[in-house]
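Contents: one structure, followed by commentary.
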Amino acid sequence: MRKSVVAIVGRPNVGKSTIFNRLVGERISIVEDIPGVTRDRIYAQAEWLTTTFNLIDTGGIEIGDEPLLVQMRQQAEIAIDEADVIIFLLNGKEGITAADEEVAKMLFKSNKPVVLAVNKIDNPEMRDEIYEYYSLGFGEPFPISGAHGLGLGDMLDEVVKHFPNNEIEEVKDDTIYFSLIGRPNVGKSSLVNALLNEERVIVSDIEGTTRDAIDTHLHKEDQDYVIIDTAGMRKRGKVYETTEKYSVLRALKAIERSDVVLVLIDAETGIREQDKKIAGYAHDAGRAIIIVVNKWDTVESNEKAIKEFETKVRSHFQFLDYAPLVFLSAKTKKRLHTLLPAINLASENHAKRVPTNVLNDVVMDAIAMNPTPTVKGRRLKVLYATQVSVKPPSFVVFVNEPELMHFSYERFLENKIRDAFGFVGSPIKIFARRRQ
Ligand code: GDP
Ligand code: GDP
C-alpha cells in the first residue's frame, strides 16, 4: 500500500521545519533563526494515531537565488506535484502577506486538499487572532504552535481525513517492483532502455501510473516486473527538478515502493562519496539491494578486474555486505542477461520465511560454537528465536536480558543465519527481546 504524502508549504520563517521536526519526532533538520538555513532532511516518515504517512518540507528544497515569490511558486508546485494533502502554513504573528495570497491562489487552482495552519499561536489568548485567515478560502484555519507543540493533533485529524484510499492502487501479487538509483550520469536511463529493448521482454505501460515516476511493466520467463523509473521523469523541464534535494526526494519515493533497489556505480569514474549516501538510503529502507557496476565496457574485463573492483566496492560499502555485485554495460548489453536473475534471487530472499525449528537449530549450534558473552558476570542466555516478518526478513531472539546482547554477537548470529539460509541480496533484522 502506498503511503500518503503530505507537504508543508509556507513563506520562509513561518516554522515549516519546526513543524516538520515535531511531526517526524526527531530533530533531523536544523532549525535556526536565520531564514533559509541548509537543512538535512526534507522527507521523512511521520505517524498520527494509526496512520503512517510521508512528510515533505518544501522549504528544504533550495532553488537558488530566485526572488522570494518565484521560490514560493516553485515550492507550491512541488507540493502540488508530490503531495496528497498540503499543509499551508502561515505566521500568526505577521498576518497574510502578498506572497501568501499568491501561494493561496496556486493551491486553490490545483484542487488538492489544503489544510490551513496558523503557526506561532503560542497561547490560547492569541486564538482570536486567526479569524482573518478564513479569507484565504480554505475553510477553518487551525491555530498551532510548532514551538510548543500545540494544536497539532487537531490539524493532523483534518489532514488524515483527506488521505486518498490507496489500498487498491497497488496489487502486489508476485510482481517484482524494482528501481534504479545512482548519481547523475551513471547510466540509469540507459539501463532502463537496455532492459526494455532486451529480447523476449514484453513491455507495457501501466495504466494509472502515478505522477511520482514512470512505471513500466516487463514480463520475462514467467516473471512480472515493474520498473519504477525516476530518472525518466526529468523531462518536464521544471527548474526544481535539477536540484539535488529534489532528486533525492524522488529516489526515496521510488525506493519505498520497491522490492529490489539497484544501486548503480560507474566503472569508468569509480566510487564517489555520493554513491555511498545514495546506497545508504536503500539500506535504511530495508529493501533488497543489488550493486550494479555499469559501463563495464570501459574496463578491460577479466576475472582479475572483477575481483579488484569487488574488493574496492566491499571496502567502500561495508554496510551492504549482503548485496551481490553485477557487472554489466547498458551500452553494449554485455552481461546484461545476468541482471534479471540476480533481481529474482534478491527478491525471493527478501520475502523468504524460514521454519522455526530449523532456525532454532542454527541458532543453538551457533551458540555452542561461540558461547554468548558475559557482562559483569552476567551471561546472555538465548531461549529461542523466531522469524516475525519478511521484506526484510526479521527475527526476534528471546533472551534473559536484551542489554547483554552485544552488537558484535548479534552480528555473529546474523552471519550464522545467513550462512544457513542464504539471504543474498536482502538485509535481515534481528531484535533481542526479554523473556524469563
Ligand atoms: P521555516 O523557515 O518555515 O522552516 O521556519 P523555521 O522552522 O526555521 O522557524 C523559523 C523561526 O520561527 C525559528 O526561530 C523558530 O524557532 C520560530 N518558531 C517556529 N515555530 C514557532 C512557534 O510556534 N512559536 C514561536 N514563537 N516561534 C516559532
Ligand atoms: P543517468 O543520468 O544515470 O540516467 O545516465 P544516462 O543513462 O543518461 O547515461 C549517462 C551517460 O553515460 C550517457 O552518455 C550514456 O551514453 C553513458 N552510458 C550509459 N551506460 C553506459 C555504458 O554501459 N557504457 C558506456 N561506455 N557509457 C554508458
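Labels used: A, B, ... for chains in the order of the C-alpha cells, numbers from 1 for residues in each chain, and numbers from 1 for ligands as shown.
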Shell of 9 Å around Val363 of chain A, only C-alpha atoms, local chain residues under 5 positions omitted, as a PDB file with C-alpha atoms, in the first residue's frame:
ATOM      1  CA  VAL A 358      15.436 -25.175  11.689  1.00  0.00           C
ATOM      2  CA  ALA A 368      27.503 -23.998  21.058  1.00  0.00           C
ATOM      3  CA  VAL A 382      19.240 -17.204  24.392  1.00  0.00           C
ATOM      4  CA  TYR A 384      14.635 -19.245  21.289  1.00  0.00           C
ATOM      5  CA  ALA A 385      14.341 -17.397  18.021  1.00  0.00           C
ATOM      6  CA  LEU A 413      24.136 -14.648  14.858  1.00  0.00           C
ATOM      7  CA  LYS A 416      25.165 -17.773  11.007  1.00  0.00           C
ATOM      8  CA  ILE A 417      21.564 -17.303   9.930  1.00  0.00           C
TER       9      ILE A 417
END
- Message: Could you list, as a ChimeraX atom specification, every residue within 8 Å of Phe88 of chain A, counting only C-alpha atoms and ignoring same-chain residues fewer than 3 positions away?
- Response: /A:8-10,114-117
- Excluding segment 432-436 of chain A and any residue of its chain fewer than 3 positions from it, enumerate the residues within 9 Å of it, using only C-alpha atoms, and give them as JSON, numbers by chain. {"A": [383, 395, 396, 397, 398, 399, 400, 401, 402, 403, 405, 410]}
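Considering only C-alpha atoms, the residue among A:Val299, A:Val313, A:Leu150, A:Ala285 positioned nearest to Arg272 of chain A is A:Val313.
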- Task: Residues within 7 Å of ligand 1, counting only C-alpha atoms and all ligand atoms: report them as a ChimeraX atom specification.
- Result: /A:10-19,31-33,35-36,59,119-122,144-148
- Message: Give me, as an MDAnalysis selection string, the set of residues whose atoms come within 6 Å of any atom of ligand 2, counting only C-alpha atoms and all ligand atoms.
- Response: chainID A and resid 184:190 231 294:295 297:298 329:331
Quick one: write out the picked residues with N, CA and C atoms as a PDB file, in the first residue's frame?
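What landed in again.pdb:
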ATOM      1  N   PRO A 184      23.837  11.292 -11.002  1.00  0.00           N
ATOM      2  CA  PRO A 184      23.590  11.611 -12.406  1.00  0.00           C
ATOM      3  C   PRO A 184      24.667  11.009 -13.305  1.00  0.00           C
ATOM      4  N   ASN A 185      24.257  10.534 -14.462  1.00  0.00           N
ATOM      5  CA  ASN A 185      25.187  10.013 -15.476  1.00  0.00           C
ATOM      6  C   ASN A 185      25.793   8.645 -15.201  1.00  0.00           C
ATOM      7  N   VAL A 186      25.340   7.923 -14.191  1.00  0.00           N
ATOM      8  CA  VAL A 186      25.860   6.563 -14.007  1.00  0.00           C
ATOM      9  C   VAL A 186      25.265   5.608 -15.031  1.00  0.00           C
ATOM     10  N   GLY A 187      24.157   6.047 -15.649  1.00  0.00           N
ATOM     11  CA  GLY A 187      23.575   5.203 -16.697  1.00  0.00           C
ATOM     12  C   GLY A 187      22.222   4.611 -16.342  1.00  0.00           C
ATOM     13  N   LYS A 188      21.465   5.280 -15.480  1.00  0.00           N
ATOM     14  CA  LYS A 188      20.160   4.754 -15.070  1.00  0.00           C
ATOM     15  C   LYS A 188      19.203   4.651 -16.261  1.00  0.00           C
ATOM     16  N   SER A 189      19.086   5.759 -17.002  1.00  0.00           N
ATOM     17  CA  SER A 189      18.164   5.742 -18.144  1.00  0.00           C
ATOM     18  C   SER A 189      18.627   4.736 -19.183  1.00  0.00           C
ATOM     19  N   SER A 190      19.940   4.689 -19.397  1.00  0.00           N
ATOM     20  CA  SER A 190      20.469   3.754 -20.396  1.00  0.00           C
ATOM     21  C   SER A 190      20.155   2.320 -20.000  1.00  0.00           C
ATOM     22  N   ALA A 231      14.426   8.442 -13.096  1.00  0.00           N
ATOM     23  CA  ALA A 231      15.294   9.198 -13.990  1.00  0.00           C
ATOM     24  C   ALA A 231      14.512   9.702 -15.192  1.00  0.00           C
ATOM     25  N   ASN A 294      28.039  -0.438 -13.674  1.00  0.00           N
ATOM     26  CA  ASN A 294      27.720  -0.180 -15.095  1.00  0.00           C
ATOM     27  C   ASN A 294      28.950   0.341 -15.826  1.00  0.00           C
ATOM     28  N   LYS A 295      28.840   0.419 -17.136  1.00  0.00           N
ATOM     29  CA  LYS A 295      29.910   0.880 -18.034  1.00  0.00           C
ATOM     30  C   LYS A 295      31.102  -0.078 -17.980  1.00  0.00           C
ATOM     31  N   ASP A 297      32.025  -1.950 -20.082  1.00  0.00           N
ATOM     32  CA  ASP A 297      32.708  -1.981 -21.384  1.00  0.00           C
ATOM     33  C   ASP A 297      33.940  -1.084 -21.414  1.00  0.00           C
ATOM     34  N   THR A 298      34.000  -0.131 -20.473  1.00  0.00           N
ATOM     35  CA  THR A 298      35.137   0.797 -20.480  1.00  0.00           C
ATOM     36  C   THR A 298      36.337   0.229 -19.716  1.00  0.00           C
ATOM     37  N   SER A 329      27.227  -3.725 -18.960  1.00  0.00           N
ATOM     38  CA  SER A 329      27.260  -2.499 -19.738  1.00  0.00           C
ATOM     39  C   SER A 329      25.887  -2.259 -20.339  1.00  0.00           C
ATOM     40  N   ALA A 330      25.298  -1.135 -19.961  1.00  0.00           N
ATOM     41  CA  ALA A 330      23.996  -0.788 -20.522  1.00  0.00           C
ATOM     42  C   ALA A 330      24.153  -0.462 -22.003  1.00  0.00           C
ATOM     43  N   LYS A 331      25.331   0.016 -22.356  1.00  0.00           N
ATOM     44  CA  LYS A 331      25.563   0.459 -23.730  1.00  0.00           C
ATOM     45  C   LYS A 331      25.746  -0.728 -24.683  1.00  0.00           C
TER      46      LYS A 331
END
Find the residues around Tyr177 of chain A up to 10 Å (only C-alpha atoms counted), leave out those fewer than 3 positions away in its own chain, and share them as a PDB file with N, CA and C atoms, in the first residue's frame.
ATOM      1  N   LYS A 172       0.046  -6.102  -5.061  1.00  0.00           N
ATOM      2  CA  LYS A 172       1.388  -6.690  -5.138  1.00  0.00           C
ATOM      3  C   LYS A 172       1.297  -8.206  -5.178  1.00  0.00           C
ATOM      4  N   ASP A 174       2.798 -11.415  -7.455  1.00  0.00           N
ATOM      5  CA  ASP A 174       4.170 -11.914  -7.496  1.00  0.00           C
ATOM      6  C   ASP A 174       5.074 -10.973  -8.261  1.00  0.00           C
ATOM      7  N   ASP A 215       6.151   4.115 -14.340  1.00  0.00           N
ATOM      8  CA  ASP A 215       6.172   2.679 -14.088  1.00  0.00           C
ATOM      9  C   ASP A 215       6.077   1.937 -15.413  1.00  0.00           C
ATOM     10  N   THR A 216       6.964   1.005 -15.619  1.00  0.00           N
ATOM     11  CA  THR A 216       6.914   0.197 -16.827  1.00  0.00           C
ATOM     12  C   THR A 216       6.839  -1.267 -16.446  1.00  0.00           C
ATOM     13  N   HIS A 217       5.982  -1.952 -17.146  1.00  0.00           N
ATOM     14  CA  HIS A 217       5.753  -3.353 -16.852  1.00  0.00           C
ATOM     15  C   HIS A 217       6.581  -4.227 -17.781  1.00  0.00           C
ATOM     16  N   ASP A 224       6.761 -11.326 -13.747  1.00  0.00           N
ATOM     17  CA  ASP A 224       6.374  -9.940 -13.996  1.00  0.00           C
ATOM     18  C   ASP A 224       7.234  -9.000 -13.170  1.00  0.00           C
ATOM     19  N   TYR A 225       7.579  -7.876 -13.787  1.00  0.00           N
ATOM     20  CA  TYR A 225       8.366  -6.859 -13.090  1.00  0.00           C
ATOM     21  C   TYR A 225       7.735  -5.497 -13.337  1.00  0.00           C
ATOM     22  N   VAL A 226       7.934  -4.594 -12.405  1.00  0.00           N
ATOM     23  CA  VAL A 226       7.626  -3.189 -12.667  1.00  0.00           C
ATOM     24  C   VAL A 226       8.885  -2.383 -12.384  1.00  0.00           C
ATOM     25  N   ILE A 227       9.319  -1.641 -13.393  1.00  0.00           N
ATOM     26  CA  ILE A 227      10.449  -0.742 -13.168  1.00  0.00           C
ATOM     27  C   ILE A 227       9.889   0.607 -12.751  1.00  0.00           C
ATOM     28  N   ILE A 228      10.318   1.062 -11.602  1.00  0.00           N
ATOM     29  CA  ILE A 228       9.906   2.393 -11.147  1.00  0.00           C
ATOM     30  C   ILE A 228      11.033   3.337 -11.561  1.00  0.00           C
ATOM     31  N   ALA A 254      10.760   6.333  -4.751  1.00  0.00           N
ATOM     32  CA  ALA A 254      10.864   5.131  -5.574  1.00  0.00           C
ATOM     33  C   ALA A 254      11.341   3.944  -4.740  1.00  0.00           C
ATOM     34  N   ILE A 255      12.314   4.196  -3.876  1.00  0.00           N
ATOM     35  CA  ILE A 255      12.853   3.126  -3.023  1.00  0.00           C
ATOM     36  C   ILE A 255      11.731   2.529  -2.183  1.00  0.00           C
ATOM     37  N   ARG A 257       8.676   2.172  -2.746  1.00  0.00           N
ATOM     38  CA  ARG A 257       7.738   1.289  -3.440  1.00  0.00           C
ATOM     39  C   ARG A 257       8.415   0.041  -4.009  1.00  0.00           C
ATOM     40  N   SER A 258       9.722  -0.079  -3.823  1.00  0.00           N
ATOM     41  CA  SER A 258      10.464  -1.161  -4.466  1.00  0.00           C
ATOM     42  C   SER A 258      10.616  -2.392  -3.581  1.00  0.00           C
ATOM     43  N   ASP A 259      10.704  -3.550  -4.217  1.00  0.00           N
ATOM     44  CA  ASP A 259      11.167  -4.747  -3.517  1.00  0.00           C
ATOM     45  C   ASP A 259      12.688  -4.797  -3.585  1.00  0.00           C
ATOM     46  N   VAL A 260      13.190  -4.461  -4.767  1.00  0.00           N
ATOM     47  CA  VAL A 260      14.627  -4.537  -5.001  1.00  0.00           C
ATOM     48  C   VAL A 260      15.109  -3.179  -5.516  1.00  0.00           C
ATOM     49  N   VAL A 261      16.218  -2.723  -4.996  1.00  0.00           N
ATOM     50  CA  VAL A 261      16.797  -1.465  -5.462  1.00  0.00           C
ATOM     51  C   VAL A 261      18.141  -1.756  -6.117  1.00  0.00           C
ATOM     52  N   ILE A 343      18.023 -10.127  -9.768  1.00  0.00           N
ATOM     53  CA  ILE A 343      16.842  -9.467  -9.176  1.00  0.00           C
ATOM     54  C   ILE A 343      15.871 -10.512  -8.627  1.00  0.00           C
ATOM     55  N   SER A 347      14.899 -10.783  -4.656  1.00  0.00           N
ATOM     56  CA  SER A 347      13.505 -10.590  -4.293  1.00  0.00           C
ATOM     57  C   SER A 347      12.972 -11.804  -3.534  1.00  0.00           C
TER      58      SER A 347
END
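Taking atom CA of Asn123 of chain A and atom CA of Arg22 of chain A as the two end points, the separation is 17.7 Å.
Rounded to one decimal, atom CA of Gly139 of chain A and atom CA of Ile86 of chain A lie 13.5 Å from each other.
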- Please provide as a ChimeraX atom specification all residues within 12 Å of Gln318 of chain A, with the sequence filter that same-chain residues fewer than 5 positions apart are discarded (counting only C-alpha atoms). /A:276,279-280,283,310-313,323
Got time to write the residues from that selection, C-alpha atoms, as an mmCIF file, in the first residue's frame?
data_model
loop_
_atom_site.group_PDB
_atom_site.id
_atom_site.type_symbol
_atom_site.label_atom_id
_atom_site.label_comp_id
_atom_site.auth_asym_id
_atom_site.auth_seq_id
_atom_site.Cartn_x
_atom_site.Cartn_y
_atom_site.Cartn_z
ATOM 1 C CA LYS A 276 27.553 5.824 -0.514
ATOM 2 C CA ALA A 279 23.162 3.453 -1.187
ATOM 3 C CA GLY A 280 22.601 4.331 2.467
ATOM 4 C CA HIS A 283 19.856 0.158 3.077
ATOM 5 C CA GLU A 310 34.701 -6.040 -5.995
ATOM 6 C CA THR A 311 37.326 -5.524 -3.272
ATOM 7 C CA LYS A 312 37.039 -1.789 -3.763
ATOM 8 C CA VAL A 313 33.245 -1.849 -3.590
ATOM 9 C CA ALA A 323 24.313 -7.083 -1.733
#
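Checking A:Thr58, A:Thr372, A:Ser394, A:Ser4 one by one against Arg73 of chain A, counting only C-alpha atoms, you find the shortest gap at A:Thr58.
The shell of residues at most 12 Å from Ser301 of chain A, with only C-alpha atoms counted and near chain neighbours (fewer than 2 positions) removed, consists of Ala267, Lys295, Trp296, Asp297, Thr298, Val299, Glu303, Lys304, Ala305, Ile306, Lys307, Glu308, Phe309, Phe327, Leu328, Ser329, Lys334 and Arg335 of chain A.
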Suppose we keep C-alpha atoms; can you now write the selection as a compact mmCIF listing (two decimals), in the first residue's frame?
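Now in result11.txt:
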# COMPACT_ATOMS: atom_id res chain seq x y z
CA ALA A 267 33.01 1.61 -13.53
CA LYS A 295 29.91 0.88 -18.03
CA TRP A 296 31.86 -2.34 -17.68
CA ASP A 297 32.71 -1.98 -21.38
CA THR A 298 35.14 0.80 -20.48
CA VAL A 299 37.18 -1.53 -18.31
CA GLU A 303 38.33 -12.19 -13.63
CA LYS A 304 41.12 -10.16 -12.06
CA ALA A 305 39.49 -6.82 -12.88
CA ILE A 306 36.21 -8.06 -11.43
CA LYS A 307 37.93 -9.22 -8.23
CA GLU A 308 39.74 -5.92 -7.85
CA PHE A 309 36.63 -3.85 -8.39
CA PHE A 327 28.95 -6.08 -13.68
CA LEU A 328 27.43 -5.03 -16.97
CA SER A 329 27.26 -2.50 -19.74
CA LYS A 334 27.43 -7.08 -22.18
CA ARG A 335 26.44 -9.30 -19.21
- Message: I'd like to know which residues of segment 33-190 of chain A are alpha helix (DSSP H) (by DSSP, run on the backbone); could you write them as a ChimeraX atom specification?
- Response: /A:68-82,98-110,152-161,188-190
Kindly save the residues from that selection, with C-alpha atoms included, as an mmCIF file, in the first residue's frame.
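File written: again.cif
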data_model
loop_
_atom_site.group_PDB
_atom_site.id
_atom_site.type_symbol
_atom_site.label_atom_id
_atom_site.label_comp_id
_atom_site.auth_asym_id
_atom_site.auth_seq_id
_atom_site.Cartn_x
_atom_site.Cartn_y
_atom_site.Cartn_z
ATOM 1 C CA LEU A 68 11.024 35.044 -2.830
ATOM 2 C CA LEU A 69 7.921 34.955 -4.946
ATOM 3 C CA VAL A 70 9.494 32.686 -7.572
ATOM 4 C CA GLN A 71 10.753 30.310 -4.890
ATOM 5 C CA MET A 72 7.366 30.227 -3.230
ATOM 6 C CA ARG A 73 5.720 29.445 -6.511
ATOM 7 C CA GLN A 74 8.116 26.561 -7.131
ATOM 8 C CA GLN A 75 7.649 25.176 -3.661
ATOM 9 C CA ALA A 76 3.923 25.271 -4.144
ATOM 10 C CA GLU A 77 4.368 23.448 -7.460
ATOM 11 C CA ILE A 78 6.413 20.736 -5.786
ATOM 12 C CA ALA A 79 3.738 20.314 -3.160
ATOM 13 C CA ILE A 80 1.014 20.132 -5.795
ATOM 14 C CA ASP A 81 3.026 17.571 -7.797
ATOM 15 C CA GLU A 82 4.093 15.403 -4.912
ATOM 16 C CA ALA A 98 1.191 39.224 -0.691
ATOM 17 C CA ALA A 99 3.308 36.074 -1.055
ATOM 18 C CA ASP A 100 0.758 34.114 0.998
ATOM 19 C CA GLU A 101 -2.019 35.288 -1.274
ATOM 20 C CA GLU A 102 -0.072 34.285 -4.354
ATOM 21 C CA VAL A 103 0.530 30.784 -2.988
ATOM 22 C CA ALA A 104 -3.084 30.523 -1.896
ATOM 23 C CA LYS A 105 -4.189 31.202 -5.467
ATOM 24 C CA MET A 106 -1.995 28.444 -6.849
ATOM 25 C CA LEU A 107 -3.039 25.918 -4.265
ATOM 26 C CA PHE A 108 -6.664 26.817 -4.789
ATOM 27 C CA LYS A 109 -6.424 26.179 -8.528
ATOM 28 C CA SER A 110 -4.768 22.800 -8.006
ATOM 29 C CA LEU A 152 -1.036 19.769 16.061
ATOM 30 C CA GLY A 153 -3.465 16.959 16.856
ATOM 31 C CA ASP A 154 -6.495 18.834 15.546
ATOM 32 C CA MET A 155 -4.573 19.830 12.449
ATOM 33 C CA LEU A 156 -3.493 16.240 11.805
ATOM 34 C CA ASP A 157 -7.033 14.938 12.293
ATOM 35 C CA GLU A 158 -8.023 17.196 9.428
ATOM 36 C CA VAL A 159 -5.023 16.173 7.291
ATOM 37 C CA VAL A 160 -5.709 12.465 7.714
ATOM 38 C CA LYS A 161 -9.357 12.951 6.728
ATOM 39 C CA LYS A 188 20.160 4.754 -15.070
ATOM 40 C CA SER A 189 18.164 5.742 -18.144
ATOM 41 C CA SER A 190 20.469 3.754 -20.396
#
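Residues in contact range of Glu221 of chain A, defined as at most 12 Å between only C-alpha atoms, with sequence neighbours fewer than 5 positions away removed, read Glu199, Arg200, Val201, Ile202, Leu340, Pro341 and Asn344 of chain A.
Between atom CA of Phe20 of chain A and atom CA of Arg127 of chain A there is a distance of 21.8 Å.
With distances restricted to only C-alpha atoms, A:Val6 is the closest residue to Pro113 of chain A from A:Leu196, A:Ile181, A:Ile367, A:Val6.
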- Task: Assign secondary structure with DSSP using the backbone only, and return the residues of segment 88-313 of chain A in strand (DSSP E or B) as a VMD selection string.
- Result: chain A and resid 88 to 91 114 to 119 142 to 143 145 150 176 to 181 202 to 205 214 to 220 223 to 229 260 to 266 288 to 294
File of the preceding selection, N, CA and C atoms, as a compact mmCIF listing (two decimals), in the first residue's frame:
# COMPACT_ATOMS: atom_id res chain seq x y z
N PHE A 88 -0.76 24.28 4.42
CA PHE A 88 -0.35 25.64 4.07
C PHE A 88 -0.15 26.38 5.40
N LEU A 89 1.12 26.70 5.65
CA LEU A 89 1.49 27.25 6.95
C LEU A 89 1.65 28.76 6.89
N LEU A 90 1.03 29.46 7.83
CA LEU A 90 1.18 30.92 7.90
C LEU A 90 1.71 31.31 9.26
N ASN A 91 2.23 32.51 9.31
CA ASN A 91 2.77 33.02 10.55
C ASN A 91 1.73 33.91 11.23
N VAL A 114 -6.23 21.20 0.94
CA VAL A 114 -5.30 22.10 1.65
C VAL A 114 -5.80 22.29 3.08
N VAL A 115 -4.91 22.10 4.03
CA VAL A 115 -5.23 22.37 5.42
C VAL A 115 -4.45 23.61 5.83
N LEU A 116 -5.20 24.61 6.27
CA LEU A 116 -4.59 25.89 6.60
C LEU A 116 -4.19 25.90 8.08
N ALA A 117 -2.90 26.12 8.34
CA ALA A 117 -2.46 26.13 9.72
C ALA A 117 -1.79 27.47 10.02
N VAL A 118 -2.18 28.08 11.12
CA VAL A 118 -1.60 29.36 11.51
C VAL A 118 -0.67 29.10 12.69
N ASN A 119 0.62 29.28 12.44
CA ASN A 119 1.63 28.91 13.44
C ASN A 119 1.97 30.09 14.36
N PHE A 142 -6.38 26.31 11.36
CA PHE A 142 -6.01 25.63 12.60
C PHE A 142 -4.92 26.40 13.33
N PRO A 143 -5.22 26.90 14.52
CA PRO A 143 -4.18 27.61 15.27
C PRO A 143 -3.20 26.59 15.86
N SER A 145 1.05 25.86 17.47
CA SER A 145 2.34 26.39 17.88
C SER A 145 3.35 25.27 17.74
N LEU A 150 1.47 22.80 20.24
CA LEU A 150 0.03 22.98 20.49
C LEU A 150 -0.78 22.90 19.19
N ILE A 176 7.60 -8.26 -9.21
CA ILE A 176 8.75 -7.69 -8.51
C ILE A 176 8.88 -6.22 -8.90
N TYR A 177 8.80 -5.35 -7.93
CA TYR A 177 8.97 -3.91 -8.17
C TYR A 177 10.44 -3.57 -7.94
N PHE A 178 11.05 -2.94 -8.92
CA PHE A 178 12.42 -2.50 -8.66
C PHE A 178 12.70 -1.12 -9.22
N SER A 179 13.70 -0.47 -8.62
CA SER A 179 14.05 0.87 -9.05
C SER A 179 15.55 0.97 -9.19
N LEU A 180 16.00 2.01 -9.89
CA LEU A 180 17.42 2.23 -10.10
C LEU A 180 17.79 3.55 -9.47
N ILE A 181 18.81 3.53 -8.64
CA ILE A 181 19.26 4.78 -8.08
C ILE A 181 20.76 4.94 -8.31
N ILE A 202 8.61 -8.50 -22.70
CA ILE A 202 7.37 -7.86 -23.13
C ILE A 202 7.16 -6.63 -22.26
N VAL A 203 6.97 -5.51 -22.93
CA VAL A 203 6.89 -4.24 -22.20
C VAL A 203 5.51 -3.64 -22.37
N SER A 204 4.96 -3.14 -21.29
CA SER A 204 3.71 -2.39 -21.45
C SER A 204 3.66 -1.26 -20.44
N ASP A 205 3.00 -0.20 -20.82
CA ASP A 205 2.84 0.89 -19.86
C ASP A 205 1.74 0.51 -18.90
N ILE A 214 7.73 6.99 -13.66
CA ILE A 214 7.15 6.26 -14.77
C ILE A 214 7.26 4.78 -14.45
N ASP A 215 6.15 4.12 -14.34
CA ASP A 215 6.17 2.68 -14.09
C ASP A 215 6.08 1.94 -15.41
N THR A 216 6.96 1.00 -15.62
CA THR A 216 6.91 0.20 -16.83
C THR A 216 6.84 -1.27 -16.45
N HIS A 217 5.98 -1.95 -17.15
CA HIS A 217 5.75 -3.35 -16.85
C HIS A 217 6.58 -4.23 -17.78
N LEU A 218 7.30 -5.19 -17.25
CA LEU A 218 8.09 -6.13 -18.05
C LEU A 218 7.60 -7.53 -17.75
N HIS A 219 7.72 -8.37 -18.74
CA HIS A 219 7.43 -9.78 -18.48
C HIS A 219 8.50 -10.60 -19.14
N LYS A 220 9.17 -11.41 -18.37
CA LYS A 220 10.17 -12.30 -18.96
C LYS A 220 10.21 -13.62 -18.21
N GLN A 223 7.95 -14.25 -15.28
CA GLN A 223 8.03 -13.35 -14.14
C GLN A 223 7.60 -11.94 -14.57
N ASP A 224 6.76 -11.33 -13.75
CA ASP A 224 6.37 -9.94 -14.00
C ASP A 224 7.23 -9.00 -13.17
N TYR A 225 7.58 -7.88 -13.79
CA TYR A 225 8.37 -6.86 -13.09
C TYR A 225 7.73 -5.50 -13.34
N VAL A 226 7.93 -4.59 -12.40
CA VAL A 226 7.63 -3.19 -12.67
C VAL A 226 8.88 -2.38 -12.38
N ILE A 227 9.32 -1.64 -13.39
CA ILE A 227 10.45 -0.74 -13.17
C ILE A 227 9.89 0.61 -12.75
N ILE A 228 10.32 1.06 -11.60
CA ILE A 228 9.91 2.39 -11.15
C ILE A 228 11.03 3.34 -11.56
N ASP A 229 10.79 4.08 -12.59
CA ASP A 229 11.86 4.86 -13.19
C ASP A 229 11.73 6.33 -12.81
N VAL A 260 13.19 -4.46 -4.77
CA VAL A 260 14.63 -4.54 -5.00
C VAL A 260 15.11 -3.18 -5.52
N VAL A 261 16.22 -2.72 -5.00
CA VAL A 261 16.80 -1.47 -5.46
C VAL A 261 18.14 -1.76 -6.12
N LEU A 262 18.32 -1.26 -7.32
CA LEU A 262 19.61 -1.39 -8.00
C LEU A 262 20.41 -0.13 -7.71
N VAL A 263 21.52 -0.30 -7.06
CA VAL A 263 22.39 0.84 -6.78
C VAL A 263 23.46 0.86 -7.88
N LEU A 264 23.39 1.87 -8.73
CA LEU A 264 24.32 1.91 -9.86
C LEU A 264 25.61 2.63 -9.53
N ILE A 265 26.70 2.03 -10.00
CA ILE A 265 28.02 2.63 -9.85
C ILE A 265 28.65 2.68 -11.23
N ASP A 266 29.44 3.71 -11.45
CA ASP A 266 30.06 3.91 -12.75
C ASP A 266 31.48 3.33 -12.73
N ALA A 288 15.74 -5.05 -0.62
CA ALA A 288 16.78 -5.88 -1.21
C ALA A 288 17.63 -4.99 -2.12
N ILE A 289 18.92 -5.27 -2.16
CA ILE A 289 19.81 -4.39 -2.91
C ILE A 289 20.75 -5.18 -3.80
N ILE A 290 20.94 -4.68 -5.01
CA ILE A 290 21.97 -5.21 -5.90
C ILE A 290 22.86 -4.04 -6.31
N ILE A 291 24.15 -4.23 -6.20
CA ILE A 291 25.07 -3.19 -6.66
C ILE A 291 25.39 -3.49 -8.12
N VAL A 292 25.02 -2.57 -8.99
CA VAL A 292 25.25 -2.76 -10.41
C VAL A 292 26.43 -1.89 -10.84
N VAL A 293 27.48 -2.53 -11.28
CA VAL A 293 28.62 -1.78 -11.77
C VAL A 293 28.44 -1.63 -13.28
N ASN A 294 28.04 -0.44 -13.67
CA ASN A 294 27.72 -0.18 -15.09
C ASN A 294 28.95 0.34 -15.83
